[in-house]
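**Student:** To start, I am sharing the structure in question, which I have written as structure tokens.
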Amino acid sequence: MSGSDGIRQVRLVAHFPGVNNTTVWSDPRSRSQIDFSSFEELARTAERGRFDYFFLAEGLRLREHQGRIHDLDVVGRPDTLTVLAALSAVTAHLGLAGTLSTTYNEPYELSRQLATLDHLSGGRAAWNAVTSSDAFTGENFRRGGYLDHADRYERAASFVRAVRAFWDAAGTGRAAVHRDRFFDIEAVPTLPRSPQGRPVVIQAGDSPQGRDFAAAGADVVFSRHGGFEAGRAFYDDVHRRLAAHGRGDDELLILPGVTYVLGDTPAEAQERARAIRYQQVSGATAIRFVEQVWGRDLSEYDPEGPLPDVEPDLERVLTQGTAAARSTDRAALVERWRARAASEKLGIRDLVVEESARQTFVGTPEAVAGEIVRHVAERASDGFVLVPHLTPGGLDDFVDRVVPLLQERGALRADYTPGATLRENLGLAPRP
């Protein structure tokens with residue numbers, strides 16, 4: 001979507017990342033990940049910055065490392081819909097998006113919950129529809145490993161179709177029917193049609209199957225391709241897939257997850273970025289990160305020393321619920337890490353810092369604003385999901401120092417449109 005002067009508008013999202021390797025929970029400025037004041041503060045900051053929506057991540061199970069809670073996790077993952085409903089009462093324009101699994105929910109129940117949120121918020125609800133991939137999570141539901149990868153996406157596509165059928169039947173007094181190999185449902189919705197009709201649907205898959213799933217029916221893609229070249233390649237690929245599903249370019253937004261670090265000078269920003277990376281990766285964290293791939297107890301190794309000379313145990317998994325533990329080619333990953341450590345003279349912690357760094361925009365406010373405008377103008381993205389390293393105050397300097405520059409350039413709204421729904425604020429084509 002472009003403004004009246006032809007400048008493409010930047011879409012901004014505030015991510016509350018309760019569990020990840022970006023947030024620095026050891027920083028004294030970080031606060032509780034379950035106290036409502038943390039959610040409220042971040043949401044109010046995002047609304048002050050005229051962001052499009054607040055994005056709440058969710059995990060259905062805490063990750064474990066050798067039988068203990070993984071140290072990158074924090075104890076407590078509150079229920080998504082409860083938090084978003086509470087936030088609807090303390091915000092007026094900000095969209096409210098939650099991550100909710102299509103693998104371990106049921107379509108009718110979830111359609112009703114999301115429609116309720118849409119009513120409570122005046123048309124600001126959004127759903128990040130994800131699949132849950134591992135038997136570890138499934139143990140919570142007595143369904144461990146019950147769907148293979150292909151079936152998870154097929155169930156997800158069926159699930160979204162069913163949810164939309166229930167939304168479309170709302171207020172008509174007639175039953176919505178959805179029958180296939182995954183579901184056999186016939187139900188009359190209990191609510192009138194919600195303000196958006198269909199709350200905004202977000203999708204985060206990156207595989208070819210995931211990209212097709214997004215092109216077929218998502219409104220927004222939460223992408224991991226925040227870099228310019230990778231972002232533009234992903235943007236082009238997904239948009240090429242739209243036509244096969246009879247959709248136009250104005251029916252889908254692509255918003256990569258990114259981080260930022262600001263400084264008064266480029267050198268100051270780089271120094272701050274380096275300090276943050278080493279806050280994110282302690283020595284103990286680095287050892288556990290490498291243990292995930294090696295499949296061995298490496299607690300006797302010095303995190304400031306070289307990578308382990310012992311060969312990995314590729315049959316053993318020490319950590320449940322992490323991408324590294326599920327890597328399909330850990331042997332190749334070990335080989336690549338060893339080659340990089342040798343060529344760049346990196347110790348264990350240094351290597352983990354470099355491998356896990358998630359810093360996209362580093363520079364002065366003017367430079368960061370310029371890069372954001374360039375990405376959107378040249379279609380490497382339609383905007384960004386900002387993942388702060390501090391919760392809940394991590395967006396303050398962005399809103400205070402970068403947002404005004406984006407507004408001055410005409411790339412970001414100066415104010416919300418009164419009474420607009422999230423779909424309208426995002427500039428998405430209306431859905432039937």
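A note on labels: chains of the structure tokens are A, B, ... as shown, every chain counts residues from 1, and ligands are counted from 1 in their shown order.
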Using only C-alpha atoms, which protein or nucleic acid residues come within 8 Å of stretch 41-44 of chain A? Drop anything in the same chain fewer than 5 positions from it, and give the result as an MDAnalysis selection string.
**Tutor:** chainID A and resid 14 16 54 87 90:91 94 391:393 395
**Student:** Filtering to N, CA and C atoms, could you give me those residues as a JSON list (two decimals), in the first residue's frame?
**Tutor:**
[["chain", "number", "residue", "atom", "x", "y", "z"],
["A", 14, "ALA", "N", 4.98, -5.16, 16.79],
["A", 14, "ALA", "CA", 5.74, -5.32, 18.03],
["A", 14, "ALA", "C", 5.62, -6.75, 18.51],
["A", 16, "PHE", "N", 6.24, -9.61, 21.26],
["A", 16, "PHE", "CA", 6.56, -9.87, 22.66],
["A", 16, "PHE", "C", 7.11, -11.30, 22.74],
["A", 54, "PHE", "N", 0.32, -5.92, 17.75],
["A", 54, "PHE", "CA", 1.12, -6.54, 18.81],
["A", 54, "PHE", "C", 1.08, -8.04, 18.56],
["A", 87, "LEU", "N", -5.46, -7.07, 26.78],
["A", 87, "LEU", "CA", -4.86, -5.93, 26.09],
["A", 87, "LEU", "C", -5.89, -5.15, 25.28],
["A", 90, "VAL", "N", -6.98, -2.03, 27.08],
["A", 90, "VAL", "CA", -6.04, -0.94, 27.38],
["A", 90, "VAL", "C", -5.42, -0.36, 26.12],
["A", 91, "THR", "N", -5.90, -0.78, 24.95],
["A", 91, "THR", "CA", -5.47, -0.21, 23.67],
["A", 91, "THR", "C", -6.73, 0.14, 22.88],
["A", 94, "LEU", "N", -4.43, -0.66, 18.17],
["A", 94, "LEU", "CA", -3.40, -1.67, 17.88],
["A", 94, "LEU", "C", -4.03, -3.05, 17.65],
["A", 391, "THR", "N", 12.57, -6.66, 27.35],
["A", 391, "THR", "CA", 11.12, -6.69, 27.52],
["A", 391, "THR", "C", 10.80, -6.14, 28.90],
["A", 392, "PRO", "N", 9.90, -5.14, 28.99],
["A", 392, "PRO", "CA", 9.04, -4.61, 27.92],
["A", 392, "PRO", "C", 9.51, -3.28, 27.32],
["A", 393, "GLY", "N", 10.67, -2.76, 27.71],
["A", 393, "GLY", "CA", 11.08, -1.42, 27.27],
["A", 393, "GLY", "C", 11.90, -1.38, 26.01],
["A", 395, "LEU", "N", 11.32, -1.33, 22.86],
["A", 395, "LEU", "CA", 10.92, -0.56, 21.68],
["A", 395, "LEU", "C", 10.97, 0.94, 21.91]]
**Student:** Just want the 12 Å neighbourhood of A:Arg31, counted on only C-alpha atoms, with same-chain residues fewer than 5 positions away dropped. Output as a PDB file with N, CA and C atoms, in the first residue's frame.
**Tutor:**
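The resulting file, out.pdb, is shown below:
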ATOM      1  N   GLY A  18       8.348 -14.044  24.660  1.00  0.00           N
ATOM      2  CA  GLY A  18       8.547 -14.555  26.009  1.00  0.00           C
ATOM      3  C   GLY A  18       9.656 -15.575  26.123  1.00  0.00           C
ATOM      4  N   THR A  23      15.919 -12.144  23.754  1.00  0.00           N
ATOM      5  CA  THR A  23      15.688 -11.338  24.948  1.00  0.00           C
ATOM      6  C   THR A  23      16.767 -11.598  26.000  1.00  0.00           C
ATOM      7  N   VAL A  24      17.265 -10.515  26.576  1.00  0.00           N
ATOM      8  CA  VAL A  24      18.287 -10.617  27.625  1.00  0.00           C
ATOM      9  C   VAL A  24      17.581 -10.514  28.978  1.00  0.00           C
ATOM     10  N   TRP A  25      17.228 -11.669  29.525  1.00  0.00           N
ATOM     11  CA  TRP A  25      16.482 -11.669  30.783  1.00  0.00           C
ATOM     12  C   TRP A  25      17.362 -11.298  31.971  1.00  0.00           C
ATOM     13  N   SER A  26      18.675 -11.415  31.812  1.00  0.00           N
ATOM     14  CA  SER A  26      19.574 -11.060  32.914  1.00  0.00           C
ATOM     15  C   SER A  26      19.748  -9.556  33.078  1.00  0.00           C
ATOM     16  N   PHE A  36       1.079  -8.804  33.821  1.00  0.00           N
ATOM     17  CA  PHE A  36       0.339  -8.096  32.773  1.00  0.00           C
ATOM     18  C   PHE A  36       0.951  -6.738  32.457  1.00  0.00           C
ATOM     19  N   SER A  37       1.580  -6.087  33.436  1.00  0.00           N
ATOM     20  CA  SER A  37       2.161  -4.769  33.185  1.00  0.00           C
ATOM     21  C   SER A  37       3.214  -4.815  32.086  1.00  0.00           C
ATOM     22  N   SER A  38       3.910  -5.955  31.933  1.00  0.00           N
ATOM     23  CA  SER A  38       4.913  -6.075  30.865  1.00  0.00           C
ATOM     24  C   SER A  38       4.246  -6.050  29.494  1.00  0.00           C
ATOM     25  N   PHE A  39       3.175  -6.810  29.348  1.00  0.00           N
ATOM     26  CA  PHE A  39       2.452  -6.828  28.077  1.00  0.00           C
ATOM     27  C   PHE A  39       1.838  -5.457  27.786  1.00  0.00           C
ATOM     28  N   GLU A  41       2.773  -2.482  28.848  1.00  0.00           N
ATOM     29  CA  GLU A  41       3.749  -1.449  28.510  1.00  0.00           C
ATOM     30  C   GLU A  41       4.209  -1.564  27.071  1.00  0.00           C
ATOM     31  N   LEU A  42       4.529  -2.771  26.635  1.00  0.00           N
ATOM     32  CA  LEU A  42       4.984  -2.941  25.255  1.00  0.00           C
ATOM     33  C   LEU A  42       3.878  -2.572  24.275  1.00  0.00           C
ATOM     34  N   VAL A  74      12.281 -19.385  29.999  1.00  0.00           N
ATOM     35  CA  VAL A  74      11.932 -18.880  31.317  1.00  0.00           C
ATOM     36  C   VAL A  74      10.653 -19.575  31.732  1.00  0.00           C
ATOM     37  N   HIS A 389      15.360  -6.801  22.301  1.00  0.00           N
ATOM     38  CA  HIS A 389      16.184  -7.642  23.183  1.00  0.00           C
ATOM     39  C   HIS A 389      15.884  -7.366  24.655  1.00  0.00           C
ATOM     40  N   LEU A 390      15.090  -6.330  24.922  1.00  0.00           N
ATOM     41  CA  LEU A 390      14.643  -6.045  26.282  1.00  0.00           C
ATOM     42  C   LEU A 390      13.124  -6.049  26.322  1.00  0.00           C
ATOM     43  N   THR A 391      12.571  -6.660  27.350  1.00  0.00           N
ATOM     44  CA  THR A 391      11.125  -6.694  27.524  1.00  0.00           C
ATOM     45  C   THR A 391      10.796  -6.142  28.903  1.00  0.00           C
ATOM     46  N   PRO A 392       9.898  -5.139  28.988  1.00  0.00           N
ATOM     47  CA  PRO A 392       9.041  -4.606  27.919  1.00  0.00           C
ATOM     48  C   PRO A 392       9.512  -3.284  27.322  1.00  0.00           C
ATOM     49  N   GLY A 393      10.673  -2.757  27.706  1.00  0.00           N
ATOM     50  CA  GLY A 393      11.076  -1.423  27.268  1.00  0.00           C
ATOM     51  C   GLY A 393      11.904  -1.380  26.006  1.00  0.00           C
ATOM     52  N   GLY A 394      12.004  -2.506  25.313  1.00  0.00           N
ATOM     53  CA  GLY A 394      12.934  -2.593  24.193  1.00  0.00           C
ATOM     54  C   GLY A 394      12.564  -1.814  22.952  1.00  0.00           C
TER      55      GLY A 394
END
**Student:** Find the spatial neighbours of stretch 110-117 of chain A, counting only C-alpha atoms, within a cut-off of 8 Å - ignore same-chain residues fewer than 3 positions away - and output them as a ChimeraX atom specification.
**Tutor:** /A:81,84-85,105-107,120-121,124-127,163-164,166-167,189-191,193-194,199
**Student:** Could you give me, as JSON lines, every stretch 352-385 of chain A residue with an atom at most 12 Å from stretch 243-252 of chain A, plus its closest atom pair and distance in Å to one decimal, counting only C-alpha atoms, rows ordered by chain then number?
**Tutor:**
{"residue": "A:Arg379", "atom": "CA", "partner": "A:Asp249", "partner_atom": "CA", "distance": 11.4}
{"residue": "A:Ser381", "atom": "CA", "partner": "A:Leu252", "partner_atom": "CA", "distance": 10.9}
{"residue": "A:Asp382", "atom": "CA", "partner": "A:Leu252", "partner_atom": "CA", "distance": 9.3}
**Student:** Please identify all polymer residues within 10 Å of A:Glu366, counting only C-alpha atoms, omitting same-chain residues fewer than 3 positions from it, and present them as a PyMOL selection string.
**Tutor:** chain A and resi 262+264+363+369-371+401-402+405-406
**Student:** Only C-alpha atoms, please: the residues just picked out, written as a compact mmCIF listing (two decimals), in the first residue's frame.
**Tutor:**
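File written: selection-v8.txt
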# COMPACT_ATOMS: atom_id res chain seq x y z
CA LEU A 262 20.78 2.29 17.65
CA ASP A 264 24.57 8.21 17.95
CA GLY A 363 23.31 2.10 13.05
CA ALA A 369 15.06 4.55 9.07
CA GLY A 370 16.64 4.77 5.64
CA GLU A 371 17.21 1.02 5.43
CA ARG A 401 14.04 8.08 17.52
CA VAL A 402 13.15 6.12 14.37
CA LEU A 405 11.94 9.90 10.89
CA LEU A 406 9.70 7.40 9.11
**Student:** Write out as a tab-separated table (two decimals) with N, CA and C atoms, in the first residue's frame each polymer residue whose atoms come within 8 Å of A:Phe361, counting only C-alpha atoms; drop sequence neighbours fewer than 4 positions from it.
**Tutor:**
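Final output, saved to part.tsv:
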chain	number	residue	atom	x	y	z
A	258	VAL	N	12.81	-8.96	12.75
A	258	VAL	CA	14.12	-8.32	12.77
A	258	VAL	C	14.41	-7.74	14.15
A	259	THR	N	15.68	-7.44	14.37
A	259	THR	CA	16.09	-6.71	15.57
A	259	THR	C	16.77	-5.41	15.13
A	260	TYR	N	17.01	-4.53	16.09
A	260	TYR	CA	17.69	-3.28	15.77
A	260	TYR	C	18.54	-2.86	16.96
A	261	VAL	N	19.60	-2.13	16.67
A	261	VAL	CA	20.44	-1.51	17.70
A	261	VAL	C	20.79	-0.11	17.20
A	368	VAL	N	19.03	3.59	10.12
A	368	VAL	CA	18.05	2.52	10.28
A	368	VAL	C	16.74	2.89	9.59
A	371	GLU	N	17.20	2.42	5.86
A	371	GLU	CA	17.21	1.02	5.43
A	371	GLU	C	15.81	0.42	5.43
**Student:** Mind checking which residues fall within 7 Å of A:Thr131, counting only C-alpha atoms, ignoring those fewer than 3 positions away in the same chain, and posting them as an NGL selection string?
**Tutor:** :A and (101-103 or 152-153 or 156)
**Student:** So how many Å separate atom CA of A:Arg340 and atom CA of A:Leu298, to one decimal?
**Tutor:**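 That distance, rounded to one decimal, is 19.6 Å.
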**Student:** Record the distance separating atom CA of A:Thr421 and atom CA of A:Tyr53, expressed in Å with one decimal.
**Tutor:** 10.9 Å
**Student:** Can you list, as JSON, numbers by chain, every residue of stretch 143-341 of chain A that DSSP puts in alpha helix (DSSP H)?
**Tutor:** {"A": [149, 150, 151, 152, 153, 154, 155, 156, 157, 158, 159, 160, 161, 162, 163, 164, 165, 166, 167, 168, 169, 208, 209, 210, 211, 212, 213, 214, 215, 216, 217, 228, 229, 230, 231, 232, 233, 234, 235, 236, 237, 238, 239, 240, 241, 242, 266, 267, 268, 269, 270, 271, 272, 273, 274, 275, 276, 277, 278, 279, 280, 283, 284, 285, 286, 287, 288, 289, 290, 291, 292, 293, 294, 330, 331, 332, 333, 334, 335, 336, 337, 338, 339, 340, 341]}
**Student:** So the first atom is atom CA of A:Asp168 and the second is atom CA of A:Gly98; what is the distance between them in Å, to one decimal place?
**Tutor:** 20.5 Å
**Student:** Taking only C-alpha atoms into account, which of A:Gly59, A:Pro312, A:Gly419, A:Pro192 comes nearest A:Gly171?
**Tutor:** A:Pro192
**Student:** I need the strand (DSSP E) residues of stretch 179-292 of chain A per DSSP on the backbone, written as a VMD selection string.
**Tutor:** chain A and resid 179 184 to 187 200 to 203 220 to 223 253 to 258 260 to 262
**Student:** When you look at A:Gly210 with a cut-off of 12 Å (counting only C-alpha atoms), what residues show up, excluding the ones that are within fewer than 6 positions of it in the same chain? I need them as a short mmCIF file (atom, residue, chain, number, x, y, z; two decimals) with N, CA, C and O atoms, in the first residue's frame.
**Tutor:**
data_model
loop_
_atom_site.label_atom_id
_atom_site.label_comp_id
_atom_site.auth_asym_id
_atom_site.auth_seq_id
_atom_site.Cartn_x
_atom_site.Cartn_y
_atom_site.Cartn_z
N ALA A 129 -1.34 -18.74 12.42
CA ALA A 129 -1.66 -20.17 12.33
C ALA A 129 -0.38 -20.96 12.10
O ALA A 129 0.25 -20.84 11.04
N VAL A 130 0.01 -21.76 13.07
CA VAL A 130 1.25 -22.53 12.98
C VAL A 130 0.97 -24.01 13.14
O VAL A 130 -0.05 -24.42 13.69
N THR A 131 1.90 -24.82 12.65
CA THR A 131 1.87 -26.25 12.93
C THR A 131 2.86 -26.54 14.07
O THR A 131 3.84 -25.81 14.23
N HIS A 149 5.28 -34.61 8.64
CA HIS A 149 5.42 -33.22 8.20
C HIS A 149 4.37 -32.84 7.18
O HIS A 149 3.73 -31.78 7.28
N ALA A 150 4.16 -33.66 6.16
CA ALA A 150 3.20 -33.33 5.10
C ALA A 150 1.79 -33.25 5.66
O ALA A 150 1.01 -32.34 5.30
N ARG A 152 0.89 -32.46 8.65
CA ARG A 152 0.69 -31.28 9.50
C ARG A 152 0.25 -30.09 8.66
O ARG A 152 -0.63 -29.32 9.07
N TYR A 153 0.84 -29.92 7.48
CA TYR A 153 0.43 -28.80 6.63
C TYR A 153 -0.94 -29.04 6.01
O TYR A 153 -1.74 -28.10 5.85
N GLU A 154 -1.24 -30.28 5.66
CA GLU A 154 -2.56 -30.57 5.12
C GLU A 154 -3.63 -30.33 6.16
O GLU A 154 -4.69 -29.78 5.87
N ALA A 156 -3.32 -28.25 8.64
CA ALA A 156 -3.35 -26.81 8.84
C ALA A 156 -4.23 -26.13 7.79
O ALA A 156 -5.04 -25.25 8.11
N ALA A 157 -4.05 -26.52 6.52
CA ALA A 157 -4.85 -25.92 5.45
C ALA A 157 -6.33 -26.23 5.65
O ALA A 157 -7.20 -25.36 5.48
N ILE A 202 -2.20 -14.96 9.82
CA ILE A 202 -0.76 -14.86 9.62
C ILE A 202 -0.20 -16.27 9.50
O ILE A 202 -0.72 -17.21 10.12
N GLN A 203 0.86 -16.45 8.72
CA GLN A 203 1.48 -17.76 8.57
C GLN A 203 2.99 -17.59 8.57
O GLN A 203 3.50 -16.58 8.10
N ALA A 204 3.70 -18.56 9.16
CA ALA A 204 5.14 -18.38 9.35
C ALA A 204 6.00 -19.47 8.73
O ALA A 204 7.20 -19.49 8.96
N ALA A 216 -1.89 -19.50 -0.59
CA ALA A 216 -3.26 -19.95 -0.79
C ALA A 216 -4.26 -19.17 0.06
O ALA A 216 -5.39 -18.94 -0.38
N GLY A 217 -3.86 -18.76 1.28
CA GLY A 217 -4.89 -18.17 2.11
C GLY A 217 -4.47 -17.22 3.20
O GLY A 217 -5.33 -16.65 3.86
N ALA A 218 -3.18 -17.02 3.43
CA ALA A 218 -2.76 -16.13 4.50
C ALA A 218 -2.93 -14.67 4.09
O ALA A 218 -2.94 -14.33 2.91
N VAL A 221 2.58 -12.94 5.99
CA VAL A 221 3.61 -13.94 6.23
C VAL A 221 4.62 -13.36 7.22
O VAL A 221 5.18 -12.28 7.00
N PHE A 222 4.83 -14.08 8.32
CA PHE A 222 5.87 -13.74 9.29
C PHE A 222 7.12 -14.47 8.84
O PHE A 222 7.28 -15.66 9.05
N SER A 223 8.03 -13.73 8.18
CA SER A 223 9.19 -14.33 7.52
C SER A 223 10.43 -14.22 8.39
O SER A 223 10.54 -13.34 9.24
N ASP A 237 9.33 -14.88 -4.55
CA ASP A 237 8.89 -16.27 -4.65
C ASP A 237 7.45 -16.43 -4.17
O ASP A 237 6.62 -17.07 -4.84
N VAL A 238 7.14 -15.88 -3.00
CA VAL A 238 5.79 -16.03 -2.46
C VAL A 238 4.77 -15.31 -3.34
O VAL A 238 3.68 -15.83 -3.61
N ARG A 241 3.64 -17.17 -6.32
CA ARG A 241 2.72 -18.27 -6.02
C ARG A 241 1.27 -17.79 -5.88
O ARG A 241 0.34 -18.61 -5.92
#
**Student:** Between A:Ile287, A:Val83, A:Ala414, A:Ala273, single out the one closest to A:Leu351, counting only C-alpha atoms.
**Tutor:** A:Ile287
**Student:** Looking at only C-alpha atoms, which of A:Glu40, A:Asp309, A:Asp396, A:Asp151 is the one that sits closest to A:Gln209?
**Tutor:** A:Asp151
